[in-house]
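model15.cif follows; it contains mmCIF, C-alpha atoms.
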data_start
#
loop_
_atom_site.group_PDB
_atom_site.id
_atom_site.type_symbol
_atom_site.label_atom_id
_atom_site.label_comp_id
_atom_site.auth_asym_id
_atom_site.auth_seq_id
_atom_site.Cartn_x
_atom_site.Cartn_y
_atom_site.Cartn_z
ATOM 1 C CA MET C 1 153.884 120.319 63.640
ATOM 2 C CA PHE C 2 155.774 121.325 66.789
ATOM 3 C CA ARG C 3 156.887 124.746 65.606
ATOM 4 C CA THR C 4 157.077 126.129 69.138
ATOM 5 C CA PRO C 5 158.132 124.730 72.501
ATOM 6 C CA LEU C 6 154.598 125.406 73.757
ATOM 7 C CA ARG C 7 152.992 123.110 71.170
ATOM 8 C CA LEU C 8 155.414 120.274 71.831
ATOM 9 C CA PHE C 9 155.155 120.572 75.609
ATOM 10 C CA ARG C 10 151.353 120.882 75.582
ATOM 11 C CA THR C 11 150.992 117.844 73.322
ATOM 12 C CA LEU C 12 153.155 115.664 75.566
ATOM 13 C CA ALA C 13 151.471 116.972 78.737
ATOM 14 C CA ILE C 14 148.077 115.929 77.346
ATOM 15 C CA LEU C 15 149.416 112.571 76.136
ATOM 16 C CA GLU C 16 150.859 111.932 79.602
ATOM 17 C CA ALA C 17 147.444 112.546 81.173
ATOM 18 C CA VAL C 18 145.798 110.232 78.628
ATOM 19 C CA SER C 19 148.409 107.562 79.341
ATOM 20 C CA TRP C 20 147.570 107.796 83.058
ATOM 21 C CA THR C 21 143.963 107.020 82.137
ATOM 22 C CA LEU C 22 145.070 103.975 80.127
ATOM 23 C CA LEU C 23 147.185 102.761 83.029
ATOM 24 C CA ILE C 24 144.408 103.213 85.595
ATOM 25 C CA VAL C 25 141.823 101.517 83.363
ATOM 26 C CA GLY C 26 144.288 98.679 82.775
ATOM 27 C CA LEU C 27 144.823 98.256 86.505
ATOM 28 C CA LEU C 28 141.074 98.237 87.116
ATOM 29 C CA LEU C 29 140.548 95.626 84.389
ATOM 30 C CA ARG C 30 143.289 93.490 85.903
ATOM 31 C CA ALA C 31 141.734 93.740 89.355
ATOM 32 C CA PHE C 32 138.053 93.376 88.520
ATOM 33 C CA ALA C 33 137.854 91.568 85.171
ATOM 34 C CA ASP C 34 140.889 89.287 85.533
ATOM 35 C CA LEU C 35 142.563 90.822 82.469
ATOM 36 C CA PRO C 36 146.239 91.193 83.403
ATOM 37 C CA ILE C 37 147.139 91.995 79.796
ATOM 38 C CA ALA C 38 145.224 95.281 80.132
ATOM 39 C CA ALA C 39 147.612 96.477 82.849
ATOM 40 C CA THR C 40 150.583 95.349 80.791
ATOM 41 C CA ILE C 41 149.417 97.284 77.744
ATOM 42 C CA GLY C 42 148.330 100.372 79.694
ATOM 43 C CA GLY C 43 151.539 100.305 81.725
ATOM 44 C CA GLY C 44 153.692 99.938 78.634
ATOM 45 C CA ILE C 45 152.058 102.860 76.869
ATOM 46 C CA HIS C 46 152.201 104.981 80.010
ATOM 47 C CA GLY C 47 155.873 104.159 80.568
ATOM 48 C CA PHE C 48 156.854 105.173 77.052
ATOM 49 C CA VAL C 49 154.843 108.416 77.158
ATOM 50 C CA PHE C 50 156.193 109.148 80.660
ATOM 51 C CA LEU C 51 159.777 108.957 79.389
ATOM 52 C CA SER C 52 158.908 110.984 76.276
ATOM 53 C CA TYR C 53 157.325 113.695 78.422
ATOM 54 C CA GLY C 54 160.424 113.817 80.628
ATOM 55 C CA ALA C 55 162.670 114.212 77.582
ATOM 56 C CA THR C 56 160.385 116.948 76.260
ATOM 57 C CA ALA C 57 160.423 118.782 79.594
ATOM 58 C CA VAL C 58 164.230 118.759 79.594
ATOM 59 C CA LEU C 59 164.415 119.957 75.976
ATOM 60 C CA VAL C 60 161.928 122.794 76.509
ATOM 61 C CA ALA C 61 163.572 123.770 79.813
ATOM 62 C CA MET C 62 166.929 124.068 78.067
ATOM 63 C CA ASN C 63 165.492 125.984 75.109
ATOM 64 C CA ASN C 64 163.491 128.396 77.262
ATOM 65 C CA ARG C 65 166.242 128.718 79.894
ATOM 66 C CA TRP C 66 164.158 127.693 82.864
ATOM 67 C CA ARG C 67 165.692 127.807 86.299
ATOM 68 C CA PRO C 68 165.976 124.454 88.116
ATOM 69 C CA TRP C 69 162.702 124.809 90.051
ATOM 70 C CA PRO C 70 160.280 125.015 87.075
ATOM 71 C CA ALA C 71 162.209 122.272 85.277
ATOM 72 C CA ALA C 72 161.985 120.008 88.321
ATOM 73 C CA VAL C 73 158.265 120.740 88.743
ATOM 74 C CA ALA C 74 157.657 119.894 85.076
ATOM 75 C CA ILE C 75 159.541 116.602 85.307
ATOM 76 C CA VAL C 76 158.111 115.543 88.677
ATOM 77 C CA SER C 77 154.563 116.395 87.559
ATOM 78 C CA ALA C 78 154.600 113.248 85.412
ATOM 79 C CA ILE C 79 154.749 111.113 88.567
ATOM 80 C CA ILE C 80 151.462 112.474 89.923
ATOM 81 C CA PRO C 81 148.397 111.366 87.927
ATOM 82 C CA TYR C 82 147.103 114.141 85.673
ATOM 83 C CA ALA C 83 149.477 116.751 87.135
ATOM 84 C CA THR C 84 151.059 117.525 83.761
ATOM 85 C CA ILE C 85 147.953 119.474 82.716
ATOM 86 C CA PRO C 86 147.959 122.002 85.596
ATOM 87 C CA THR C 87 151.746 122.165 85.303
ATOM 88 C CA GLU C 88 151.471 123.104 81.622
ATOM 89 C CA ILE C 89 148.858 125.750 82.491
ATOM 90 C CA TRP C 90 151.121 127.173 85.232
ATOM 91 C CA LEU C 91 154.144 127.244 82.925
ATOM 92 C CA GLN C 92 152.078 128.949 80.213
ATOM 93 C CA ARG C 93 150.608 131.551 82.580
ATOM 94 C CA THR C 94 154.027 132.389 84.012
ATOM 95 C CA GLY C 95 155.480 132.920 80.541
ATOM 96 C CA ARG C 96 157.823 129.947 80.612
ATOM 97 C CA LEU C 97 156.398 128.439 77.420
ATOM 98 C CA VAL C 98 156.480 131.662 75.420
ATOM 99 C CA GLY C 99 158.787 131.969 72.457
ATOM 100 C CA GLU C 100 160.217 130.075 69.557
ATOM 101 C CA TRP C 101 162.911 127.465 69.278
ATOM 102 C CA ARG C 102 166.299 129.153 69.698
ATOM 103 C CA LEU C 103 167.891 128.356 66.346
ATOM 104 C CA GLU C 104 170.341 131.248 66.157
ATOM 105 C CA GLU C 105 172.887 132.696 68.562
ATOM 106 C CA THR C 106 171.974 136.049 70.091
ATOM 107 C CA ALA C 107 173.906 138.649 72.055
ATOM 108 C CA ASP C 108 172.794 136.960 75.279
ATOM 109 C CA PRO C 109 175.951 135.650 77.024
ATOM 110 C CA ARG C 110 174.130 132.408 77.847
ATOM 111 C CA ASP C 111 174.153 131.565 74.137
ATOM 112 C CA ALA C 112 177.907 130.994 74.355
ATOM 113 C CA ARG C 113 177.576 127.997 76.680
ATOM 114 C CA TRP C 114 178.702 124.713 75.136
ATOM 115 C CA HIS C 115 175.333 122.991 75.503
ATOM 116 C CA ASP C 116 173.499 125.920 73.910
ATOM 117 C CA ARG C 117 175.644 125.549 70.807
ATOM 118 C CA TRP C 118 174.724 121.849 70.617
ATOM 119 C CA LEU C 119 171.074 122.626 71.313
ATOM 120 C CA ARG C 120 170.932 125.116 68.434
ATOM 121 C CA TRP C 121 172.700 122.648 66.136
ATOM 122 C CA PHE C 122 170.137 119.935 66.902
ATOM 123 C CA LEU C 123 167.163 122.317 66.776
ATOM 124 C CA ARG C 124 168.183 123.333 63.260
ATOM 125 C CA ARG C 125 168.075 119.614 62.394
ATOM 126 C CA PRO C 126 164.795 118.525 64.007
ATOM 127 C CA TRP C 127 164.759 115.064 62.417
ATOM 128 C CA VAL C 128 168.184 114.268 63.841
ATOM 129 C CA LEU C 129 167.073 115.540 67.249
ATOM 130 C CA ALA C 130 163.813 113.559 67.091
ATOM 131 C CA VAL C 131 165.610 110.345 66.131
ATOM 132 C CA LEU C 132 168.218 110.736 68.879
ATOM 133 C CA ILE C 133 165.596 111.489 71.533
ATOM 134 C CA ALA C 134 163.478 108.561 70.331
ATOM 135 C CA LEU C 135 166.491 106.236 70.464
ATOM 136 C CA ALA C 136 167.358 107.428 73.974
ATOM 137 C CA VAL C 137 163.765 106.976 75.166
ATOM 138 C CA ILE C 138 163.560 103.517 73.574
ATOM 139 C CA ALA C 139 166.892 102.456 75.104
ATOM 140 C CA LEU C 140 165.810 103.631 78.554
ATOM 141 C CA TYR C 141 162.385 102.005 78.093
ATOM 142 C CA VAL C 142 163.946 98.659 77.150
ATOM 143 C CA ALA C 143 166.370 98.864 80.083
ATOM 144 C CA LEU C 144 163.474 99.526 82.452
ATOM 145 C CA LEU C 145 161.515 96.615 80.958
ATOM 146 C CA ILE C 146 164.479 94.343 81.615
ATOM 147 C CA ILE C 147 164.775 95.599 85.192
ATOM 148 C CA GLY C 148 161.067 94.985 85.732
ATOM 149 C CA PRO C 149 158.076 96.874 87.103
ATOM 150 C CA PRO C 150 158.104 98.834 90.352
ATOM 151 C CA GLY C 151 157.534 96.466 93.247
ATOM 152 C CA GLY C 152 158.832 93.472 91.291
ATOM 153 C CA ARG C 153 157.051 90.779 89.346
ATOM 154 C CA HIS C 154 154.323 88.801 91.066
#
Mind converting the file's structure to structure tokens?
Amino acid sequence: MFRTPLRLFRTLAILEAVSWTLLIVGLLLRAFADLPIAATIGGGIHGFVFLSYGATAVLVAMNNRWRPWPAAVAIVSAIIPYATIPTEIWLQRTGRLVGEWRLEETADPRDARWHDRWLRWFLRRPWVLAVLIALAVIALYVALLIIGPPGGRH
């Protein structure tokens, strides 16, 4: 399904934009139709997709060896409504989403770094990687739910 970094990143970038729509609609329903549950549901979905997109941006940045600037732009784009779509287009046009998953070591000296060895190990076992990322996202999501929403509870 996600045979390339481009497909995974594009899918999560689109889902992040859709989740912004759910959040905004939920906020509007809370404000104008007195349906606070709509904001809770929209916010919950958006929060989970937001964290998943961030994890995906980090994974693809590591795999494709992005410099810090494009990685930071990709991660920060999730904070601005709908910015993940133009960010994905920019990353695609600049060649940063080109290529396959790096499953094997090459002659490139960067492949000898400790985290690249772990990355290749996990990429060769995508189910293990998916479960670990999902567990990390869920743990962070639950921790953030316990802390509470931005601005506090009203």
Handout entry: Who sits within 12 Å of His115 of chain C, all atoms listed in the file, same chain under 4 positions skipped, as a VMD selection string
Key = chain C and resid 59 62 to 63 65 110 to 111 119 to 123
Practice task
Can you work out which one of C:Ala107, C:Val49, C:Val98, C:Ala112 has the shortest atom-to-atom distance to Ala134 of chain C, counting all atoms listed in the file?
Solution key: C:Val49
Practice task
May I ask which of the residues C:Leu103, C:Ala33, C:Ile24, C:Leu51 is the closest one to Arg3 of chain C, counting only C-alpha atoms?
Solution key: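 The answer is C:Leu103, which sits nearest to Arg3 of chain C.
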Taking the file as shown, what set of residues would the PyMOL selection byres ((chain C and resi 143-149) around 12) give back, as a PDB file with C-alpha atoms, in the frame of the given file?
ATOM      1  CA  ALA C  39     147.612  96.477  82.849  1.00  0.00           C
ATOM      2  CA  THR C  40     150.583  95.349  80.791  1.00  0.00           C
ATOM      3  CA  GLY C  43     151.539 100.305  81.725  1.00  0.00           C
ATOM      4  CA  GLY C  44     153.692  99.938  78.634  1.00  0.00           C
ATOM      5  CA  GLY C  47     155.873 104.159  80.568  1.00  0.00           C
ATOM      6  CA  PHE C  48     156.854 105.173  77.052  1.00  0.00           C
ATOM      7  CA  LEU C  51     159.777 108.957  79.389  1.00  0.00           C
ATOM      8  CA  ALA C 136     167.358 107.428  73.974  1.00  0.00           C
ATOM      9  CA  VAL C 137     163.765 106.976  75.166  1.00  0.00           C
ATOM     10  CA  ILE C 138     163.560 103.517  73.574  1.00  0.00           C
ATOM     11  CA  ALA C 139     166.892 102.456  75.104  1.00  0.00           C
ATOM     12  CA  LEU C 140     165.810 103.631  78.554  1.00  0.00           C
ATOM     13  CA  TYR C 141     162.385 102.005  78.093  1.00  0.00           C
ATOM     14  CA  VAL C 142     163.946  98.659  77.150  1.00  0.00           C
ATOM     15  CA  PRO C 150     158.104  98.834  90.352  1.00  0.00           C
ATOM     16  CA  GLY C 151     157.534  96.466  93.247  1.00  0.00           C
ATOM     17  CA  GLY C 152     158.832  93.472  91.291  1.00  0.00           C
ATOM     18  CA  ARG C 153     157.051  90.779  89.346  1.00  0.00           C
ATOM     19  CA  HIS C 154     154.323  88.801  91.066  1.00  0.00           C
TER      20      HIS C 154
END
Handout entry: Computed interatomic separation between atom CA of Leu132 of chain C and atom CA of Leu97 of chain C (Å)
Key =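 Spanning atom CA of Leu132 of chain C to atom CA of Leu97 of chain C is a straight-line distance of 22.9 Å.
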Practice task
Taking the file as shown, find all residues satisfying the PyMOL selection byres ((chain C and resi 18-20) around 12) and write them as number ranges by chain.
Solution key: C: 11-17, 21-27, 39, 41-53, 77-85
Handout entry: Reference answer for the PyMOL selection byres ((chain C and resi 70) around 10), as JSON, numbers by chain
Key = {"C": [57, 61, 66, 67, 68, 69, 71, 72, 73, 74, 75, 76, 87, 90, 91, 96]}
Starting from the incomplete input, reconstruct N, CA and C atoms of segment 122-134 of chain C and write that as a PDB file, keeping the file's coordinate frame.
ATOM      1  N   PHE C 122     171.178 120.964  67.011  1.00  0.00           N
ATOM      2  CA  PHE C 122     170.137 119.935  66.902  1.00  0.00           C
ATOM      3  C   PHE C 122     168.781 120.536  66.539  1.00  0.00           C
ATOM      4  N   LEU C 123     168.447 121.697  67.089  1.00  0.00           N
ATOM      5  CA  LEU C 123     167.163 122.317  66.776  1.00  0.00           C
ATOM      6  C   LEU C 123     167.061 122.718  65.307  1.00  0.00           C
ATOM      7  N   ARG C 124     168.184 123.032  64.692  1.00  0.00           N
ATOM      8  CA  ARG C 124     168.183 123.333  63.260  1.00  0.00           C
ATOM      9  C   ARG C 124     168.053 122.070  62.416  1.00  0.00           C
ATOM     10  N   ARG C 125     168.218 120.917  63.043  1.00  0.00           N
ATOM     11  CA  ARG C 125     168.075 119.614  62.394  1.00  0.00           C
ATOM     12  C   ARG C 125     167.068 118.779  63.187  1.00  0.00           C
ATOM     13  N   PRO C 126     165.790 119.155  63.130  1.00  0.00           N
ATOM     14  CA  PRO C 126     164.795 118.525  64.007  1.00  0.00           C
ATOM     15  C   PRO C 126     164.657 117.021  63.822  1.00  0.00           C
ATOM     16  N   TRP C 127     164.872 116.515  62.613  1.00  0.00           N
ATOM     17  CA  TRP C 127     164.759 115.064  62.417  1.00  0.00           C
ATOM     18  C   TRP C 127     165.863 114.327  63.131  1.00  0.00           C
ATOM     19  N   VAL C 128     167.073 114.891  63.111  1.00  0.00           N
ATOM     20  CA  VAL C 128     168.184 114.268  63.841  1.00  0.00           C
ATOM     21  C   VAL C 128     167.882 114.282  65.332  1.00  0.00           C
ATOM     22  N   LEU C 129     167.412 115.417  65.830  1.00  0.00           N
ATOM     23  CA  LEU C 129     167.073 115.540  67.249  1.00  0.00           C
ATOM     24  C   LEU C 129     165.969 114.555  67.620  1.00  0.00           C
ATOM     25  N   ALA C 130     164.927 114.467  66.795  1.00  0.00           N
ATOM     26  CA  ALA C 130     163.813 113.559  67.091  1.00  0.00           C
ATOM     27  C   ALA C 130     164.277 112.109  67.118  1.00  0.00           C
ATOM     28  N   VAL C 131     165.118 111.728  66.170  1.00  0.00           N
ATOM     29  CA  VAL C 131     165.610 110.345  66.131  1.00  0.00           C
ATOM     30  C   VAL C 131     166.477 110.050  67.348  1.00  0.00           C
ATOM     31  N   LEU C 132     167.359 110.964  67.712  1.00  0.00           N
ATOM     32  CA  LEU C 132     168.218 110.736  68.879  1.00  0.00           C
ATOM     33  C   LEU C 132     167.412 110.664  70.174  1.00  0.00           C
ATOM     34  N   ILE C 133     166.434 111.542  70.333  1.00  0.00           N
ATOM     35  CA  ILE C 133     165.596 111.489  71.533  1.00  0.00           C
ATOM     36  C   ILE C 133     164.793 110.192  71.546  1.00  0.00           C
ATOM     37  N   ALA C 134     164.242 109.814  70.401  1.00  0.00           N
ATOM     38  CA  ALA C 134     163.478 108.561  70.331  1.00  0.00           C
ATOM     39  C   ALA C 134     164.363 107.369  70.678  1.00  0.00           C
TER      40      ALA C 134
END
